[in-house]
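As stored in start_17.txt (compact mmCIF, C-alpha atoms):
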```txt
# COMPACT_ATOMS: atom_id res chain seq x y z
CA SER A 10 111.41 74.59 100.90
CA GLN A 11 109.05 75.10 103.81
CA GLN A 12 110.58 74.83 107.23
CA GLY A 13 107.41 74.70 109.29
CA GLU A 14 104.97 71.88 109.63
CA GLU A 15 101.57 72.76 111.04
CA ASP A 16 99.16 70.49 112.76
CA PRO A 17 96.31 70.00 112.20
CA GLN A 18 95.91 70.97 108.55
CA ALA A 19 92.25 71.68 109.21
CA LEU A 20 90.29 72.25 112.41
CA SER A 21 86.55 72.69 112.84
CA ILE A 22 85.08 73.65 116.24
CA GLN A 23 81.98 75.19 117.74
CA GLU A 24 81.82 78.86 118.54
CA GLY A 25 82.97 79.50 122.09
CA GLU A 26 85.40 76.58 122.17
CA ASN A 27 89.16 76.96 122.26
CA ALA A 28 91.30 76.25 119.19
CA THR A 29 94.88 75.04 119.36
CA MET A 30 97.23 74.93 116.39
CA ASN A 31 100.75 73.57 116.45
CA CYS A 32 103.84 74.41 114.46
CA SER A 33 107.12 72.53 114.26
CA TYR A 34 110.31 73.67 112.60
CA LYS A 35 113.72 72.28 111.79
CA THR A 36 116.50 74.79 112.30
CA SER A 37 117.44 77.40 114.89
CA ILE A 38 115.44 80.60 114.81
CA ASN A 39 115.55 84.20 115.98
CA ASN A 40 111.81 84.47 116.32
CA LEU A 41 108.56 82.86 115.29
CA GLN A 42 105.55 84.79 114.02
CA TRP A 43 101.91 83.83 113.63
CA TYR A 44 99.63 85.20 110.93
CA ARG A 45 95.97 85.00 109.97
CA GLN A 46 94.69 85.02 106.41
CA ASN A 47 91.03 85.42 105.55
CA SER A 48 89.85 83.90 102.27
CA GLY A 49 93.10 84.28 100.33
CA ARG A 50 93.57 87.92 101.21
CA GLY A 51 96.58 89.61 102.77
CA LEU A 52 98.21 88.30 105.93
CA VAL A 53 97.46 89.88 109.28
CA HIS A 54 100.33 89.77 111.76
CA LEU A 55 99.08 88.31 115.04
CA ILE A 56 102.04 87.88 117.34
CA LEU A 57 105.81 87.52 117.42
CA ILE A 58 107.63 85.43 119.98
CA ARG A 59 111.38 85.66 120.34
CA SER A 60 113.60 82.62 120.70
CA ASN A 61 114.32 83.46 124.36
CA GLU A 62 110.63 83.72 125.24
CA ARG A 63 108.43 80.81 126.23
CA GLU A 64 104.95 82.28 126.24
CA LYS A 65 103.21 85.39 125.01
CA HIS A 66 99.65 86.68 125.19
CA SER A 67 97.66 89.09 123.09
CA GLY A 68 93.95 89.38 123.83
CA ARG A 69 92.42 85.95 123.21
CA LEU A 70 95.65 84.63 121.74
CA ARG A 71 98.27 82.67 123.61
CA VAL A 72 101.47 81.54 121.95
CA THR A 73 104.04 79.18 123.39
CA LEU A 74 107.50 78.36 122.11
CA ASP A 75 109.63 75.35 123.02
CA THR A 76 113.00 75.73 121.32
CA SER A 77 114.22 72.39 122.67
CA LYS A 78 111.42 70.65 120.77
CA LYS A 79 111.46 73.20 117.94
CA SER A 80 107.74 73.71 118.26
CA SER A 81 105.18 76.42 118.92
CA SER A 82 101.47 76.49 119.58
CA LEU A 83 98.79 79.11 119.05
CA LEU A 84 95.74 78.98 121.31
CA ILE A 85 92.64 81.01 120.49
CA THR A 86 90.26 81.11 123.43
CA ALA A 87 86.51 81.61 123.27
CA SER A 88 86.45 81.34 119.49
CA ARG A 89 84.15 83.47 117.35
CA ALA A 90 82.81 83.05 113.83
CA ALA A 91 85.12 85.87 112.75
CA ASP A 92 88.12 83.72 113.71
CA THR A 93 87.41 81.49 110.71
CA ALA A 94 90.57 81.81 108.62
CA SER A 95 93.85 80.15 107.77
CA TYR A 96 96.62 80.50 110.35
CA PHE A 97 100.30 80.33 109.46
CA CYS A 98 103.41 80.14 111.55
CA ALA A 99 106.60 81.59 110.13
CA THR A 100 110.12 81.29 111.43
CA ARG A 101 112.87 83.83 111.03
CA GLY A 102 116.46 82.67 110.86
CA ALA A 103 119.22 85.05 109.76
CA GLN A 104 117.12 87.16 107.42
CA LYS A 105 114.38 85.21 105.74
CA LEU A 106 110.90 84.45 107.03
CA VAL A 107 109.86 80.91 106.14
CA PHE A 108 106.25 79.80 106.36
CA GLY A 109 104.57 76.63 107.47
CA GLN A 110 101.76 75.00 105.53
CA GLY A 111 99.03 76.55 107.60
CA THR A 112 95.95 75.40 109.50
CA ARG A 113 92.50 76.04 108.13
CA LEU A 114 90.26 76.93 111.11
CA THR A 115 86.47 76.88 110.80
CA ILE A 116 84.29 78.15 113.62
CA ASN A 117 80.75 76.78 113.46
CA PRO A 118 77.94 78.91 114.90
CA SER B 21 103.33 98.66 111.84
CA ALA B 22 103.91 99.61 108.21
CA VAL B 23 101.00 100.29 105.87
CA ILE B 24 101.54 98.55 102.56
CA SER B 25 99.49 98.94 99.41
CA GLN B 26 99.63 96.94 96.21
CA LYS B 27 98.36 97.56 92.70
CA PRO B 28 96.54 95.96 91.06
CA SER B 29 94.51 94.04 93.63
CA ARG B 30 93.63 91.46 91.02
CA ASP B 31 94.01 90.85 87.32
CA ILE B 32 93.17 88.31 84.67
CA CYS B 33 95.83 88.00 82.01
CA GLN B 34 96.43 86.07 78.84
CA ARG B 35 99.16 83.49 78.47
CA GLY B 36 102.42 84.95 77.19
CA THR B 37 101.87 88.46 78.51
CA SER B 38 103.55 90.19 81.46
CA LEU B 39 102.15 91.96 84.49
CA THR B 40 103.88 94.44 86.76
CA ILE B 41 102.76 94.61 90.38
CA GLN B 42 103.48 97.71 92.41
CA CYS B 43 104.13 97.87 96.14
CA GLN B 44 104.10 101.11 98.12
CA VAL B 45 105.04 101.42 101.80
CA ASP B 46 104.21 104.38 104.04
CA SER B 47 107.69 104.49 105.58
CA GLN B 48 111.26 103.95 104.45
CA VAL B 49 112.41 100.36 104.73
CA THR B 50 115.69 98.71 103.88
CA MET B 51 114.44 95.36 102.71
CA MET B 52 111.28 94.48 100.82
CA PHE B 53 110.23 90.94 100.07
CA TRP B 54 108.08 89.37 97.38
CA TYR B 55 106.16 86.17 98.07
CA ARG B 56 104.00 83.89 95.97
CA GLN B 57 101.05 81.92 97.28
CA GLN B 58 99.78 79.31 94.86
CA PRO B 59 96.14 78.20 95.22
CA GLY B 60 95.59 76.38 98.49
CA GLN B 61 99.25 76.60 99.40
CA SER B 62 101.45 78.47 101.83
CA LEU B 63 103.71 81.40 101.04
CA THR B 64 107.01 80.99 99.22
CA LEU B 65 109.64 83.70 99.11
CA ILE B 66 110.48 84.78 95.58
CA ALA B 67 113.15 87.38 96.26
CA THR B 68 114.47 90.04 98.59
CA ALA B 69 114.75 93.55 97.17
CA ASN B 70 117.24 96.02 98.62
CA GLN B 71 117.36 99.59 97.45
CA GLY B 72 120.39 100.28 95.30
CA SER B 73 121.33 96.68 94.61
CA GLU B 74 120.16 93.71 92.63
CA ALA B 75 117.41 91.61 94.13
CA THR B 76 118.37 88.30 95.70
CA TYR B 77 116.33 85.41 94.31
CA GLU B 78 115.43 82.18 96.04
CA SER B 79 116.04 78.79 94.55
CA GLY B 80 113.58 78.14 91.76
CA PHE B 81 113.04 81.78 90.90
CA VAL B 82 115.03 83.68 88.26
CA ILE B 83 115.36 87.32 87.32
CA ASP B 84 114.25 86.79 83.72
CA LYS B 85 110.91 85.46 84.91
CA PHE B 86 110.43 87.76 87.91
CA PRO B 87 112.33 91.01 87.37
CA ILE B 88 112.19 93.33 90.37
CA SER B 89 112.82 97.04 90.67
CA ARG B 90 113.55 98.92 93.88
CA PRO B 91 114.04 102.58 92.92
CA ASN B 92 113.72 103.99 96.44
CA LEU B 93 113.11 103.05 100.06
CA THR B 94 109.31 103.06 99.84
CA PHE B 95 108.54 101.42 96.50
CA SER B 96 109.14 98.21 94.58
CA THR B 97 107.74 96.43 91.56
CA LEU B 98 107.59 92.75 90.65
CA THR B 99 106.99 91.74 87.05
CA VAL B 100 105.67 88.32 86.17
CA SER B 101 106.94 87.74 82.64
CA ASN B 102 105.73 85.50 79.84
CA MET B 103 102.94 84.22 82.01
CA SER B 104 101.46 80.74 81.94
CA PRO B 105 98.49 79.34 83.88
CA GLU B 106 100.96 77.97 86.44
CA ASP B 107 101.71 81.57 87.44
CA SER B 108 98.15 81.98 88.72
CA SER B 109 98.75 82.89 92.37
CA ILE B 110 98.51 85.60 94.94
CA TYR B 111 101.63 87.75 94.96
CA LEU B 112 102.40 89.54 98.20
CA CYS B 113 104.77 92.33 99.05
CA SER B 114 106.24 92.41 102.54
CA VAL B 115 108.50 94.52 104.74
CA ALA B 116 110.25 93.88 108.02
CA GLY B 117 110.62 96.41 110.77
CA GLY B 118 110.80 97.08 114.45
CA ASP B 119 113.31 95.83 116.94
CA TYR B 120 112.58 92.18 116.28
CA ASN B 121 111.89 92.22 112.58
CA GLU B 122 108.18 91.79 112.65
CA GLN B 123 107.18 91.28 109.06
CA PHE B 124 104.09 92.88 107.57
CA PHE B 125 102.31 92.09 104.35
CA GLY B 126 100.42 93.97 101.72
CA PRO B 127 96.89 92.95 100.70
CA GLY B 128 98.20 90.87 97.81
CA THR B 129 97.61 90.78 94.07
CA ARG B 130 95.46 87.91 92.86
CA LEU B 131 96.63 86.92 89.39
CA THR B 132 94.76 84.57 87.09
CA VAL B 133 96.40 83.53 83.83
CA LEU B 134 94.19 82.06 81.12
```

Show me, as structure tokens, the structure contained in the file I just sent.
Amino acid sequence: SQQGEEDPQALSIQEGENATMNCSYKTSINNLQWYRQNSGRGLVHLILIRSNEREKHSGRLRVTLDTSKKSSSLLITASRAADTASYFCATRGAQKLVFGQGTRLTINP
Amino acid sequence: SAVISQKPSRDICQRGTSLTIQCQVDSQVTMMFWYRQQPGQSLTLIATANQGSEATYESGFVIDKFPISRPNLTFSTLTVSNMSPEDSSIYLCSVAGGDYNEQFFGPGTRLTVL
């Protein structure tokens, strides 16, 4: 069964705006990872945040983690048309990586 | 990060046949994982493949339907047996590495069963 719940399921914004996606999970984790998937292709690893970290940055990406609320957010700043994709959070417990349902992001020119 | 390749990239198969998907990694890894992504859905773990031992299957997946081989530390195969249209999915190979177990994915195999 899926551990993560992502919100919203779909998001449509104008190019240049910021996009925020949220992920909630149910059990304790070692880390949480975010991925991007373009048009049903392979997954691109975006960022990993460990359970003892609260925030992490990578280029235009900002990820936060609140273990007390069992939630994470992914912020994409200054969005571009090329950011149009599905974004998934995935949580790692002991060994397995379990995925959320994903957010479909559309950037309108 | 690991470079992972899969063959075939896509295939269209007839009901009742079997397809074997290959996964090659450019470095030695202990654990390899096979995931399924049904149309419009998220990823579900099928099994974990360790070299030298039987694969460990997740609930809802059985070895007779999804036999896995792991002959060495850089290669694995997943067979989808006796296929039905419900097996139409993207099948992805994955490996974990690094200090914090970042997990990387292959490009996927898009399977359509008629």

Hey, list the chain B side of the contact with chain A: 8 Å cut-off, only C-alpha atoms, answer as a list in words.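 Written out as asked, the residues are Gln61, Ser62, Leu63, Thr64, Leu65, Ile110, Leu112, Tyr120, Glu122, Gln123, Phe124, Phe125, Gly126, Pro127 and Gly128 of chain B.
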
Residues at most 8 Å from region 32-40 of chain B, counting all atoms listed in the file, excluding those fewer than 2 positions away in the same chain, as a PyMOL selection string? chain B and resi 30+42+97-105+131-134

I'd like the neighbourhood of Asn70 (chain B) as a list in words, where a residue qualifies if any of its atoms comes within 12 Å (using all atoms listed in the file), though same-chain residues fewer than 4 positions away should be ignored. Gln48, Val49, Thr50, Met51, Met52, Phe53, Trp54, Glu74, Ala75, Thr76, Tyr77, Ile88, Ser89, Arg90, Pro91, Asn92, Leu93, Thr94, Phe95, Ser96, Thr97, Val115 and Ala116 of chain B

Pick out the residues sitting within 10 Å of Asn117 (chain A), and hand them over as a PyMOL selection string; count all atoms listed in the file, and ignore anything fewer than 6 positions along from it in its own chain. chain A and resi 21-26+88-90+93

Shell of 10 Å around Arg69 (chain A), only C-alpha atoms, local chain residues under 2 positions omitted, as a list in words: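 Once the nearby chain positions are removed, what remains is Asn27, His66, Ser67, Arg71, Leu84, Ile85, Thr86, Ala87 and Ser88 of chain A.
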
Padding of 5 Å on every side, edges along x, y and z, all listed atoms of region 97-113 of chain A included: what centre and edge lengths in Å, to one decimal, does that box have, as JSON?
```
{"center_x": 105.9, "center_y": 81.1, "center_z": 108.5, "size_x": 36.7, "size_y": 22.2, "size_z": 16.0}
```
